[in-house]
$ cat model.csv   # CSV, C-alpha atoms
chain,number,residue,atom,x,y,z
A,1,MET,CA,22.7,-16.2,-145.5
A,2,ASP,CA,20.5,-13.2,-146.3
A,3,SER,CA,23.4,-11.3,-148.0
A,4,LEU,CA,24.2,-14.4,-150.1
A,5,PHE,CA,20.5,-14.7,-151.1
A,6,GLN,CA,20.4,-11.0,-151.7
A,7,LYS,CA,23.3,-11.4,-154.1
A,8,LEU,CA,21.5,-14.2,-155.9
A,9,TYR,CA,18.4,-11.9,-156.1
A,10,ASP,CA,20.4,-9.1,-157.6
A,11,THR,CA,21.9,-11.3,-160.4
A,12,GLY,CA,20.8,-10.5,-163.9
A,13,PHE,CA,19.4,-14.0,-164.2
A,14,ALA,CA,17.1,-13.6,-161.2
A,15,THR,CA,16.1,-10.1,-162.2
A,16,SER,CA,15.1,-11.1,-165.7
A,17,ILE,CA,12.8,-13.9,-164.2
A,18,ARG,CA,11.3,-11.4,-161.7
A,19,GLU,CA,10.7,-8.7,-164.2
A,20,SER,CA,9.3,-10.8,-167.1
A,21,ALA,CA,5.6,-11.4,-167.3
A,22,THR,CA,6.0,-14.8,-168.8
A,23,LEU,CA,9.3,-16.3,-167.5
A,24,PHE,CA,8.2,-17.1,-164.0
A,25,PRO,CA,4.9,-18.9,-165.0
A,26,THR,CA,6.7,-20.8,-167.8
A,27,ILE,CA,9.5,-22.0,-165.5
A,28,GLU,CA,6.9,-22.8,-162.8
A,29,SER,CA,4.8,-24.9,-165.3
A,30,ILE,CA,7.9,-26.9,-166.3
A,31,HIS,CA,8.6,-27.3,-162.5
A,32,VAL,CA,5.1,-28.7,-162.1
A,33,VAL,CA,5.5,-31.1,-165.0
A,34,ALA,CA,8.8,-32.3,-163.5
A,35,ILE,CA,7.6,-32.7,-159.9
A,36,THR,CA,4.4,-34.6,-160.8
A,37,LEU,CA,6.6,-37.1,-162.7
A,38,VAL,CA,9.1,-37.3,-159.8
A,39,VAL,CA,6.3,-38.0,-157.2
A,40,GLY,CA,4.3,-40.2,-159.5
A,41,SER,CA,7.2,-42.4,-160.5
A,42,ILE,CA,8.4,-42.6,-156.9
A,43,ALA,CA,4.9,-43.6,-155.9
A,44,VAL,CA,5.0,-46.5,-158.5
A,45,VAL,CA,8.0,-47.9,-156.7
A,46,ASP,CA,6.6,-47.2,-153.2
A,47,LEU,CA,3.3,-48.9,-154.1
A,48,ARG,CA,5.3,-52.0,-155.2
A,49,LEU,CA,7.2,-52.0,-151.9
A,50,LEU,CA,3.9,-51.7,-150.0
A,51,GLY,CA,2.6,-54.6,-152.0
A,52,LEU,CA,-0.3,-52.6,-153.4
A,53,ALA,CA,0.6,-52.6,-157.1
A,54,SER,CA,3.0,-54.3,-159.7
A,55,ARG,CA,3.1,-57.2,-157.2
A,56,ARG,CA,4.2,-59.7,-159.8
A,57,ARG,CA,7.0,-57.6,-161.1
A,58,ALA,CA,10.5,-57.9,-159.6
A,59,VAL,CA,11.4,-54.8,-157.6
A,60,THR,CA,14.8,-54.4,-159.4
A,61,ARG,CA,13.1,-54.7,-162.8
A,62,LEU,CA,10.6,-52.0,-161.8
A,63,THR,CA,13.2,-49.6,-160.3
A,64,GLY,CA,15.5,-50.2,-163.3
A,65,GLU,CA,12.6,-49.0,-165.6
A,66,VAL,CA,11.1,-46.2,-163.4
A,67,LEU,CA,14.0,-44.6,-161.6
A,68,PRO,CA,15.8,-43.2,-164.7
A,69,ILE,CA,12.5,-41.3,-165.4
A,70,THR,CA,12.5,-40.1,-161.7
A,71,TRP,CA,16.1,-38.8,-161.8
A,72,LEU,CA,15.7,-37.1,-165.2
A,73,ALA,CA,12.5,-35.3,-163.9
A,74,PHE,CA,14.2,-34.6,-160.6
A,75,VAL,CA,17.1,-32.8,-162.3
A,76,VAL,CA,14.6,-30.6,-164.2
A,77,ALA,CA,12.7,-29.9,-161.0
A,78,VAL,CA,15.9,-28.8,-159.2
A,79,ILE,CA,17.1,-26.6,-162.0
A,80,THR,CA,13.6,-24.9,-162.5
A,81,GLY,CA,13.2,-24.8,-158.7
A,82,LEU,CA,16.5,-22.9,-158.3
A,83,ALA,CA,15.5,-20.5,-161.0
A,84,LEU,CA,12.2,-19.8,-159.2
A,85,PHE,CA,14.0,-19.5,-155.9
A,86,SER,CA,16.5,-17.0,-157.3
A,87,SER,CA,13.8,-14.6,-158.4
A,88,ASN,CA,12.8,-13.9,-154.8
A,89,ALA,CA,15.6,-15.6,-152.8
A,90,VAL,CA,15.5,-13.8,-149.5
A,91,LYS,CA,11.8,-14.0,-149.2
A,92,TYR,CA,11.6,-17.7,-150.1
A,93,SER,CA,14.4,-18.4,-147.6
A,94,HIS,CA,12.2,-17.0,-144.8
A,95,ASN,CA,9.0,-18.8,-145.9
A,96,THR,CA,8.0,-21.5,-143.5
A,97,PHE,CA,6.6,-23.8,-146.2
A,98,PHE,CA,9.7,-23.4,-148.3
A,99,LEU,CA,11.9,-24.4,-145.4
A,100,ALA,CA,9.6,-27.3,-144.5
A,101,LYS,CA,9.8,-28.5,-148.2
A,102,MET,CA,13.6,-28.4,-148.1
A,103,ALA,CA,13.7,-30.3,-144.8
A,104,LEU,CA,11.3,-32.9,-146.2
A,105,LEU,CA,13.5,-33.3,-149.3
A,106,VAL,CA,16.5,-34.0,-147.1
A,107,LEU,CA,14.5,-36.6,-145.2
A,108,ALA,CA,13.3,-38.2,-148.5
A,109,GLY,CA,17.0,-38.3,-149.6
A,110,LEU,CA,18.1,-39.9,-146.3
A,111,ASN,CA,15.3,-42.5,-146.6
A,112,MET,CA,16.5,-43.4,-150.0
A,113,ILE,CA,20.1,-43.6,-148.9
A,114,VAL,CA,19.2,-45.9,-145.9
A,115,PHE,CA,17.0,-48.0,-148.3
A,116,HIS,CA,19.8,-48.3,-150.9
A,117,PHE,CA,22.6,-49.2,-148.5
A,118,ILE,CA,20.9,-51.0,-145.6
A,119,THR,CA,17.3,-52.0,-146.1
A,120,SER,CA,17.7,-53.5,-149.6
A,121,ARG,CA,21.0,-55.4,-148.9
A,122,ASP,CA,19.1,-58.7,-148.9
A,123,ILE,CA,17.0,-57.7,-151.9
A,124,GLN,CA,17.8,-61.1,-153.7
A,125,ARG,CA,15.6,-62.8,-151.1
A,126,TRP,CA,12.5,-60.7,-151.8
A,127,ASP,CA,13.0,-59.1,-155.2
A,128,GLU,CA,10.5,-61.4,-156.9
A,129,SER,CA,8.2,-61.7,-154.0
A,130,PRO,CA,4.9,-59.8,-153.9
A,131,ALA,CA,5.2,-59.4,-150.1
A,132,VAL,CA,8.4,-57.8,-148.9
A,133,PRO,CA,9.9,-57.6,-145.4
A,134,GLY,CA,8.3,-55.1,-142.9
A,135,GLY,CA,11.3,-52.7,-143.0
A,136,VAL,CA,11.1,-52.4,-146.8
A,137,ARG,CA,7.3,-51.7,-146.6
A,138,LEU,CA,8.1,-49.1,-144.0
A,139,ALA,CA,10.6,-47.4,-146.3
A,140,GLY,CA,7.9,-47.3,-149.0
A,141,ALA,CA,5.3,-45.8,-146.7
A,142,PHE,CA,7.8,-43.2,-145.4
A,143,SER,CA,8.8,-42.2,-148.9
A,144,LEU,CA,5.2,-41.9,-150.1
A,145,THR,CA,4.2,-39.8,-147.1
A,146,LEU,CA,7.3,-37.5,-147.5
A,147,TRP,CA,6.7,-36.9,-151.2
A,148,ILE,CA,3.0,-36.1,-150.7
A,149,ALA,CA,4.0,-33.6,-148.0
A,150,ILE,CA,6.6,-32.1,-150.3
A,151,ILE,CA,3.9,-31.4,-152.9
A,152,VAL,CA,1.6,-29.9,-150.3
A,153,CYS,CA,4.3,-27.6,-149.0
A,154,GLY,CA,5.1,-26.6,-152.5
A,155,ARG,CA,1.6,-25.5,-153.2
A,156,TRP,CA,1.4,-23.6,-149.9
A,157,ILE,CA,4.6,-21.7,-150.7
A,158,GLY,CA,2.7,-20.1,-153.6
A,159,PHE,CA,-0.1,-19.3,-151.3
A,160,THR,CA,1.9,-17.6,-148.6
A,161,MET,CA,4.3,-15.7,-151.0
A,162,SER,CA,1.7,-14.0,-153.1
A,163,ALA,CA,-1.9,-14.1,-154.2
A,164,PHE,CA,-1.4,-17.1,-156.4
B,1,MET,CA,-27.6,-16.1,-169.0
B,2,ASP,CA,-24.1,-15.7,-170.5
B,3,LEU,CA,-20.9,-17.0,-169.0
B,4,HIS,CA,-20.1,-13.7,-167.4
B,5,ALA,CA,-23.5,-13.4,-165.7
B,6,PHE,CA,-23.3,-17.1,-164.7
B,7,SER,CA,-19.9,-16.8,-163.0
B,8,GLU,CA,-21.1,-13.6,-161.2
B,9,TRP,CA,-24.1,-15.5,-159.9
B,10,LEU,CA,-22.0,-18.6,-159.0
B,11,GLY,CA,-19.7,-16.3,-157.0
B,12,THR,CA,-22.5,-15.1,-154.8
B,13,THR,CA,-23.9,-18.6,-153.9
B,14,PRO,CA,-23.5,-19.7,-150.3
B,15,LEU,CA,-21.2,-22.6,-151.3
B,16,SER,CA,-18.9,-20.2,-153.2
B,17,LEU,CA,-18.8,-17.7,-150.3
B,18,LEU,CA,-18.0,-20.6,-147.9
B,19,ILE,CA,-15.0,-21.7,-150.1
B,20,GLN,CA,-13.9,-18.0,-150.4
B,21,ASN,CA,-14.1,-17.4,-146.7
B,22,VAL,CA,-12.4,-20.5,-145.3
B,23,SER,CA,-8.8,-19.8,-146.2
B,24,TRP,CA,-7.5,-23.4,-146.2
B,25,VAL,CA,-10.0,-24.8,-148.7
B,26,ILE,CA,-8.5,-23.5,-152.0
B,27,PRO,CA,-4.8,-24.4,-151.3
B,28,THR,CA,-5.9,-27.8,-149.9
B,29,MET,CA,-8.0,-28.5,-153.0
B,30,GLN,CA,-5.1,-27.4,-155.2
B,31,SER,CA,-2.8,-29.8,-153.3
B,32,VAL,CA,-5.1,-32.8,-153.8
B,33,HIS,CA,-5.6,-31.6,-157.4
B,34,ILE,CA,-1.8,-31.6,-158.1
B,35,LEU,CA,-1.3,-35.0,-156.4
B,36,ALA,CA,-4.1,-36.4,-158.6
B,37,ILE,CA,-2.4,-34.9,-161.7
B,38,ALA,CA,0.8,-36.7,-160.6
B,39,ILE,CA,-1.0,-40.0,-160.7
B,40,VAL,CA,-2.7,-39.3,-164.1
B,41,PHE,CA,0.3,-37.8,-165.8
B,42,THR,CA,2.7,-40.6,-164.5
B,43,SER,CA,0.3,-43.3,-165.5
B,44,ALA,CA,-0.1,-41.8,-169.0
B,45,THR,CA,3.6,-41.4,-169.3
B,46,MET,CA,4.3,-45.0,-168.5
B,47,VAL,CA,1.8,-46.3,-171.1
B,48,ASP,CA,2.9,-43.7,-173.7
B,49,LEU,CA,6.6,-44.4,-173.2
B,50,ARG,CA,5.9,-48.1,-173.8
B,51,MET,CA,3.9,-47.4,-176.9
B,52,LEU,CA,6.8,-45.2,-178.1
B,53,GLY,CA,9.2,-48.0,-177.4
B,54,VAL,CA,11.2,-46.0,-174.9
B,55,ILE,CA,10.7,-48.5,-172.1
B,56,GLY,CA,9.7,-52.1,-171.7
B,57,ARG,CA,10.2,-53.3,-175.3
B,58,ASP,CA,10.7,-56.9,-173.9
B,59,ARG,CA,7.2,-56.8,-172.4
B,60,PRO,CA,3.8,-56.7,-174.1
B,61,THR,CA,2.1,-53.3,-174.3
B,62,ALA,CA,-0.9,-54.9,-172.5
B,63,ALA,CA,1.2,-55.2,-169.4
B,64,TYR,CA,1.5,-51.4,-169.2
B,65,ALA,CA,-2.1,-50.8,-170.2
B,66,THR,CA,-3.4,-53.1,-167.4
B,67,ARG,CA,-1.0,-51.8,-164.8
B,68,TYR,CA,-1.4,-48.0,-165.4
B,69,LEU,CA,-4.6,-47.2,-167.4
B,70,PRO,CA,-7.0,-48.2,-164.7
B,71,TRP,CA,-5.5,-45.4,-162.5
B,72,ILE,CA,-6.4,-42.7,-165.0
B,73,TRP,CA,-10.2,-42.7,-165.1
B,74,PRO,CA,-11.0,-42.8,-161.3
B,75,THR,CA,-8.3,-40.2,-160.7
B,76,LEU,CA,-9.9,-37.9,-163.3
B,77,VAL,CA,-13.0,-38.0,-161.1
B,78,VAL,CA,-10.9,-36.7,-158.2
B,79,LEU,CA,-9.6,-34.0,-160.5
B,80,LEU,CA,-13.1,-33.1,-161.6
B,81,LEU,CA,-14.3,-32.8,-158.0
B,82,THR,CA,-11.4,-30.8,-156.7
B,83,GLY,CA,-11.4,-28.7,-159.8
B,84,SER,CA,-15.1,-28.0,-159.4
B,85,VAL,CA,-14.5,-26.7,-155.8
B,86,LEU,CA,-11.8,-24.4,-157.2
B,87,ILE,CA,-14.2,-23.1,-159.9
B,88,ILE,CA,-17.1,-22.6,-157.5
B,89,GLY,CA,-14.7,-20.7,-155.2
B,90,GLU,CA,-13.3,-18.5,-157.9
B,91,PRO,CA,-15.7,-18.6,-160.9
B,92,ALA,CA,-14.7,-15.3,-162.4
B,93,ARG,CA,-11.0,-16.2,-162.3
B,94,SER,CA,-11.5,-19.6,-164.0
B,95,LEU,CA,-14.6,-20.0,-166.3
B,96,GLN,CA,-13.9,-16.9,-168.4
B,97,ASN,CA,-10.1,-17.5,-168.4
B,98,PRO,CA,-8.7,-18.4,-171.8
B,99,ALA,CA,-6.1,-20.7,-170.1
B,100,PHE,CA,-8.9,-22.5,-168.3
B,101,GLN,CA,-10.9,-22.8,-171.5
B,102,LEU,CA,-7.9,-24.2,-173.5
B,103,LYS,CA,-7.2,-26.6,-170.6
B,104,MET,CA,-10.8,-28.0,-170.9
B,105,LEU,CA,-10.4,-28.4,-174.6
B,106,LEU,CA,-7.0,-30.2,-174.2
B,107,LEU,CA,-8.5,-32.4,-171.5
B,108,ILE,CA,-11.3,-33.5,-173.8
B,109,LEU,CA,-8.7,-34.3,-176.5
B,110,ALA,CA,-6.5,-36.2,-174.0
B,111,MET,CA,-9.5,-38.3,-172.8
B,112,VAL,CA,-10.4,-39.1,-176.4
B,113,SER,CA,-6.8,-40.1,-177.4
B,114,THR,CA,-6.5,-42.2,-174.2
B,115,PHE,CA,-9.8,-43.9,-175.0
B,116,LEU,CA,-8.7,-44.5,-178.6
B,117,LEU,CA,-5.5,-46.1,-177.3
B,118,GLN,CA,-7.3,-48.2,-174.6
B,119,ARG,CA,-10.4,-49.4,-176.5
B,120,PRO,CA,-8.9,-51.8,-179.0
B,121,MET,CA,-6.8,-53.5,-176.3
B,122,GLY,CA,-10.0,-54.5,-174.5
B,123,ARG,CA,-10.9,-56.8,-177.3
B,124,ASP,CA,-7.4,-57.9,-178.2
B,125,PRO,CA,-4.6,-57.1,-175.7
B,126,ALA,CA,-1.9,-57.4,-178.4
B,127,TYR,CA,-3.9,-55.2,-180.9
B,128,TRP,CA,-1.2,-52.5,-181.2
B,129,GLU,CA,1.6,-55.0,-181.7
B,130,LEU,CA,0.1,-57.0,-184.6
B,131,SER,CA,1.5,-54.8,-187.5
B,132,GLY,CA,4.0,-52.1,-188.2
B,133,GLY,CA,1.2,-49.7,-189.1
B,134,ARG,CA,-0.6,-50.3,-185.8
B,135,LYS,CA,2.7,-49.8,-183.9
B,136,ALA,CA,3.2,-46.5,-185.6
B,137,THR,CA,-0.4,-45.5,-184.9
B,138,ALA,CA,-0.1,-46.3,-181.2
B,139,ALA,CA,3.2,-44.4,-181.0
B,140,LEU,CA,1.6,-41.4,-182.7
B,141,LEU,CA,-1.4,-41.5,-180.3
B,142,ALA,CA,0.9,-41.9,-177.4
B,143,LEU,CA,3.0,-38.9,-178.4
B,144,ILE,CA,-0.1,-36.8,-178.9
B,145,THR,CA,-1.5,-37.9,-175.5
B,146,LEU,CA,1.7,-37.1,-173.7
B,147,LEU,CA,1.9,-33.6,-175.3
B,148,LEU,CA,-1.7,-33.0,-174.4
B,149,TRP,CA,-1.1,-33.8,-170.7
B,150,VAL,CA,1.9,-31.4,-170.7
B,151,GLY,CA,-0.3,-28.7,-172.3
B,152,ILE,CA,-3.0,-29.3,-169.7
B,153,ILE,CA,-0.5,-28.8,-166.8
B,154,PHE,CA,0.9,-25.6,-168.4
B,155,CYS,CA,-2.6,-24.2,-168.9
B,156,GLY,CA,-3.5,-25.1,-165.3
B,157,ARG,CA,-0.6,-23.1,-163.9
B,158,TRP,CA,-1.3,-20.2,-166.3
B,159,ILE,CA,-4.8,-19.8,-165.0
B,160,ALA,CA,-3.2,-18.0,-162.0
B,161,TYR,CA,-1.4,-15.5,-164.2
B,162,ILE,CA,-4.0,-14.5,-166.8
B,163,VAL,CA,-6.2,-11.9,-165.1
B,164,VAL,CA,-9.8,-11.9,-166.2
B,165,ASP,CA,-11.8,-8.8,-165.2
$ encode --input "model.csv" --output "structure tokens"
Amino acid sequence: MDSLFQKLYDTGFATSIRESATLFPTIESIHVVAITLVVGSIAVVDLRLLGLASRRRAVTRLTGEVLPITWLAFVVAVITGLALFSSNAVKYSHNTFFLAKMALLVLAGLNMIVFHFITSRDIQRWDESPAVPGGVRLAGAFSLTLWIAIIVCGRWIGFTMSAF
Amino acid sequence: MDLHAFSEWLGTTPLSLLIQNVSWVIPTMQSVHILAIAIVFTSATMVDLRMLGVIGRDRPTAAYATRYLPWIWPTLVVLLLTGSVLIIGEPARSLQNPAFQLKMLLLILAMVSTFLLQRPMGRDPAYWELSGGRKATAALLALITLLLWVGIIFCGRWIAYIVVD
């Protein structure tokens, strides 16, 4: 893996980000704008599942409105995240908080897949209801916790990689 | 006492030294700060996208204002508190930093534009929907507010990269 990440590090793309005084912070700023929208919009859905907000709105109406924003922001976060990663690929790949963040992202993805294909199969029964079944609430709580942890890990990457 | 002398003094206070010497305080405060920004920025985005007609055209603007605007003001208090800890811990890095100063200016403008959007809806929830002119005004205010928040996030990240000596 190290040799692969070293190749990525050596690309002209990664080198230009690393050597520019403005590219890294600019891409990082876009990354922050994107992830705050990803986490914030996911939290809107999670709070609905937990019965803490938007209680009178059908879950499917809310997700139909919010999730396109989430996905758009997520694509931007992944692209900018890959660019930041490439600039110092080997070192990031050995950073504990980076690895934890990636593991948590996988868990958040799995939680979403389980919710989409299993937990929400009987969604017609509780779509309009302020109180949803326990399993659905659990999925919301799990998602919210994971995304908060993802943000925290992201901030600690910066702290353990350099002085920022 | 000028700003330079003030930040030098602030950096020598016991509270500042405590924040500087306990290694987890600053990254923890920054983590809470960014989570609070996620709440404020997403809430503003939902209201602003409705005002711009991007989402929820079949629902009243008031539905978005009542769902999302109440989250902004209390969360700004969290941002103020965590931000204050960060300033006390690293006064020289922040107070005299042009990125920080621009961030505070943009923050004041964002609060004013949010207030201008919110206030008339307190008297009449349908205020921004009653004429084409009002709809356009709301859309313009929403666009300005959204751009201000993006600018605030950019400035916040750039504080770390602009070195003040």
$ residues_around --input "model.csv" --residues "Tyr161 (chain B)" --least-positions-apart "4" --cutoff "12 Å" --atoms "only C-alpha atoms" --output "list in words"
Ala21, Thr22, Leu23, Phe24, Pro25, Thr26, Glu28, Ser29, Ser162, Ala163 and Phe164 of chain A; Arg93, Ser94, Asn97, Pro98, Ala99, Phe100, Phe154, Cys155, Gly156 and Arg157 of chain B
$ write_last_selection --input "model.csv" --atoms "C-alpha atoms" --output "PDB file, in the coordinates of the input"
ATOM      1  CA  ALA A  21       5.600 -11.400-167.300  1.00  0.00           C
ATOM      2  CA  THR A  22       6.000 -14.800-168.800  1.00  0.00           C
ATOM      3  CA  LEU A  23       9.300 -16.300-167.500  1.00  0.00           C
ATOM      4  CA  PHE A  24       8.200 -17.100-164.000  1.00  0.00           C
ATOM      5  CA  PRO A  25       4.900 -18.900-165.000  1.00  0.00           C
ATOM      6  CA  THR A  26       6.700 -20.800-167.800  1.00  0.00           C
ATOM      7  CA  GLU A  28       6.900 -22.800-162.800  1.00  0.00           C
ATOM      8  CA  SER A  29       4.800 -24.900-165.300  1.00  0.00           C
ATOM      9  CA  SER A 162       1.700 -14.000-153.100  1.00  0.00           C
ATOM     10  CA  ALA A 163      -1.900 -14.100-154.200  1.00  0.00           C
ATOM     11  CA  PHE A 164      -1.400 -17.100-156.400  1.00  0.00           C
TER      12      PHE A 164
ATOM     13  CA  ARG B  93     -11.000 -16.200-162.300  1.00  0.00           C
ATOM     14  CA  SER B  94     -11.500 -19.600-164.000  1.00  0.00           C
ATOM     15  CA  ASN B  97     -10.100 -17.500-168.400  1.00  0.00           C
ATOM     16  CA  PRO B  98      -8.700 -18.400-171.800  1.00  0.00           C
ATOM     17  CA  ALA B  99      -6.100 -20.700-170.100  1.00  0.00           C
ATOM     18  CA  PHE B 100      -8.900 -22.500-168.300  1.00  0.00           C
ATOM     19  CA  PHE B 154       0.900 -25.600-168.400  1.00  0.00           C
ATOM     20  CA  CYS B 155      -2.600 -24.200-168.900  1.00  0.00           C
ATOM     21  CA  GLY B 156      -3.500 -25.100-165.300  1.00  0.00           C
ATOM     22  CA  ARG B 157      -0.600 -23.100-163.900  1.00  0.00           C
TER      23      ARG B 157
END
$ atom_distance --input "model.csv" --atom1 "CA of Leu52 (chain A)" --atom2 "CA of Gly83 (chain B)"
27.1 Å
$ residues_around --input "model.csv" --residues "Leu86 (chain B)" --least-positions-apart "3" --cutoff "9 Å" --atoms "all atoms listed in the file" --output "list in words"
Ile19, Val25, Ile26, Met29, Gln30, Leu81, Thr82, Gly83, Gly89, Glu90, Pro91 and Ser94 of chain B
$ interface_residues --input "model.csv" --of "chain B" --to "chain A" --cutoff "10 Å" --atoms "all atoms listed in the file" --output "JSON list (two decimals) with C-alpha atoms, in the frame of the given file"
[["chain", "number", "residue", "atom", "x", "y", "z"],
["B", 24, "TRP", "CA", -7.50, -23.40, -146.20],
["B", 26, "ILE", "CA", -8.50, -23.50, -152.00],
["B", 27, "PRO", "CA", -4.80, -24.40, -151.30],
["B", 28, "THR", "CA", -5.90, -27.80, -149.90],
["B", 30, "GLN", "CA", -5.10, -27.40, -155.20],
["B", 31, "SER", "CA", -2.80, -29.80, -153.30],
["B", 32, "VAL", "CA", -5.10, -32.80, -153.80],
["B", 34, "ILE", "CA", -1.80, -31.60, -158.10],
["B", 35, "LEU", "CA", -1.30, -35.00, -156.40],
["B", 36, "ALA", "CA", -4.10, -36.40, -158.60],
["B", 37, "ILE", "CA", -2.40, -34.90, -161.70],
["B", 38, "ALA", "CA", 0.80, -36.70, -160.60],
["B", 39, "ILE", "CA", -1.00, -40.00, -160.70],
["B", 40, "VAL", "CA", -2.70, -39.30, -164.10],
["B", 41, "PHE", "CA", 0.30, -37.80, -165.80],
["B", 42, "THR", "CA", 2.70, -40.60, -164.50],
["B", 43, "SER", "CA", 0.30, -43.30, -165.50],
["B", 45, "THR", "CA", 3.60, -41.40, -169.30],
["B", 46, "MET", "CA", 4.30, -45.00, -168.50],
["B", 54, "VAL", "CA", 11.20, -46.00, -174.90],
["B", 55, "ILE", "CA", 10.70, -48.50, -172.10],
["B", 56, "GLY", "CA", 9.70, -52.10, -171.70],
["B", 63, "ALA", "CA", 1.20, -55.20, -169.40],
["B", 67, "ARG", "CA", -1.00, -51.80, -164.80],
["B", 68, "TYR", "CA", -1.40, -48.00, -165.40],
["B", 149, "TRP", "CA", -1.10, -33.80, -170.70],
["B", 150, "VAL", "CA", 1.90, -31.40, -170.70],
["B", 151, "GLY", "CA", -0.30, -28.70, -172.30],
["B", 152, "ILE", "CA", -3.00, -29.30, -169.70],
["B", 153, "ILE", "CA", -0.50, -28.80, -166.80],
["B", 154, "PHE", "CA", 0.90, -25.60, -168.40],
["B", 155, "CYS", "CA", -2.60, -24.20, -168.90],
["B", 156, "GLY", "CA", -3.50, -25.10, -165.30],
["B", 157, "ARG", "CA", -0.60, -23.10, -163.90],
["B", 158, "TRP", "CA", -1.30, -20.20, -166.30],
["B", 159, "ILE", "CA", -4.80, -19.80, -165.00],
["B", 160, "ALA", "CA", -3.20, -18.00, -162.00],
["B", 161, "TYR", "CA", -1.40, -15.50, -164.20]]
$ atom_distance --input "model.csv" --atom1 "CA of Leu146 (chain B)" --atom2 "CA of Asp48 (chain B)"
6.7 Å
$ closest_residue --input "model.csv" --among "B:Ile88, B:Leu80, B:Leu143, B:Leu105" --to "Arg50 (chain B)" --atoms "only C-alpha atoms"
B:Leu143
$ atom_distance --input "model.csv" --atom1 "CA of Arg119 (chain B)" --atom2 "CA of Arg57 (chain A)"
24.6 Å
$ residues_around --input "model.csv" --residues "Ile123 (chain A)" --least-positions-apart "3" --cutoff "12 Å" --atoms "all atoms listed in the file" --output "list in words"
Leu49, Ala58, Val59, Thr60, Arg61, Phe115, His116, Phe117, Ile118, Thr119, Ser120, Trp126, Asp127, Glu128, Ser129, Val132, Pro133, Gly135 and Val136 of chain A
$ residues_near_point --input "model.csv" --point "(16.0, -43.2, -151.2)" --cutoff "12 Å" --atoms "only C-alpha atoms" --output "PyMOL selection string"
chain A and resi 42+45-46+63+67+70-71+105-120+136+139-144+146-147
$ decode --input "model.csv" --residues "region 43-72 of chain B" --atoms "C-alpha atoms" --output "PDB file, in the first residue's frame"
ATOM      1  CA  SER B  43     -30.248  25.380   9.004  1.00  0.00           C
ATOM      2  CA  ALA B  44     -29.437  28.550   7.051  1.00  0.00           C
ATOM      3  CA  THR B  45     -29.087  26.536   3.847  1.00  0.00           C
ATOM      4  CA  MET B  46     -32.529  24.947   4.231  1.00  0.00           C
ATOM      5  CA  VAL B  47     -34.244  28.319   4.817  1.00  0.00           C
ATOM      6  CA  ASP B  48     -32.240  30.063   2.106  1.00  0.00           C
ATOM      7  CA  LEU B  49     -32.846  27.324  -0.498  1.00  0.00           C
ATOM      8  CA  ARG B  50     -36.589  27.615   0.213  1.00  0.00           C
ATOM      9  CA  MET B  51     -36.457  31.404  -0.202  1.00  0.00           C
ATOM     10  CA  LEU B  52     -34.558  30.881  -3.468  1.00  0.00           C
ATOM     11  CA  GLY B  53     -37.260  28.435  -4.610  1.00  0.00           C
ATOM     12  CA  VAL B  54     -34.796  25.554  -4.931  1.00  0.00           C
ATOM     13  CA  ILE B  55     -36.674  23.323  -2.454  1.00  0.00           C
ATOM     14  CA  GLY B  56     -40.196  23.077  -0.997  1.00  0.00           C
ATOM     15  CA  ARG B  57     -42.074  25.328  -3.429  1.00  0.00           C
ATOM     16  CA  ASP B  58     -45.286  23.480  -2.510  1.00  0.00           C
ATOM     17  CA  ARG B  59     -44.878  24.469   1.158  1.00  0.00           C
ATOM     18  CA  PRO B  60     -45.047  27.907   2.820  1.00  0.00           C
ATOM     19  CA  THR B  61     -41.744  29.665   3.560  1.00  0.00           C
ATOM     20  CA  ALA B  62     -42.899  29.890   7.188  1.00  0.00           C
ATOM     21  CA  ALA B  63     -42.675  26.091   7.495  1.00  0.00           C
ATOM     22  CA  TYR B  64     -38.932  26.332   6.822  1.00  0.00           C
ATOM     23  CA  ALA B  65     -38.469  29.389   9.016  1.00  0.00           C
ATOM     24  CA  THR B  66     -40.152  27.758  12.031  1.00  0.00           C
ATOM     25  CA  ARG B  67     -38.357  24.422  11.530  1.00  0.00           C
ATOM     26  CA  TYR B  68     -34.812  25.720  10.980  1.00  0.00           C
ATOM     27  CA  LEU B  69     -34.312  29.335  12.134  1.00  0.00           C
ATOM     28  CA  PRO B  70     -34.746  28.599  15.879  1.00  0.00           C
ATOM     29  CA  TRP B  71     -31.661  26.350  15.680  1.00  0.00           C
ATOM     30  CA  ILE B  72     -29.423  29.180  14.477  1.00  0.00           C
TER      31      ILE B  72
END
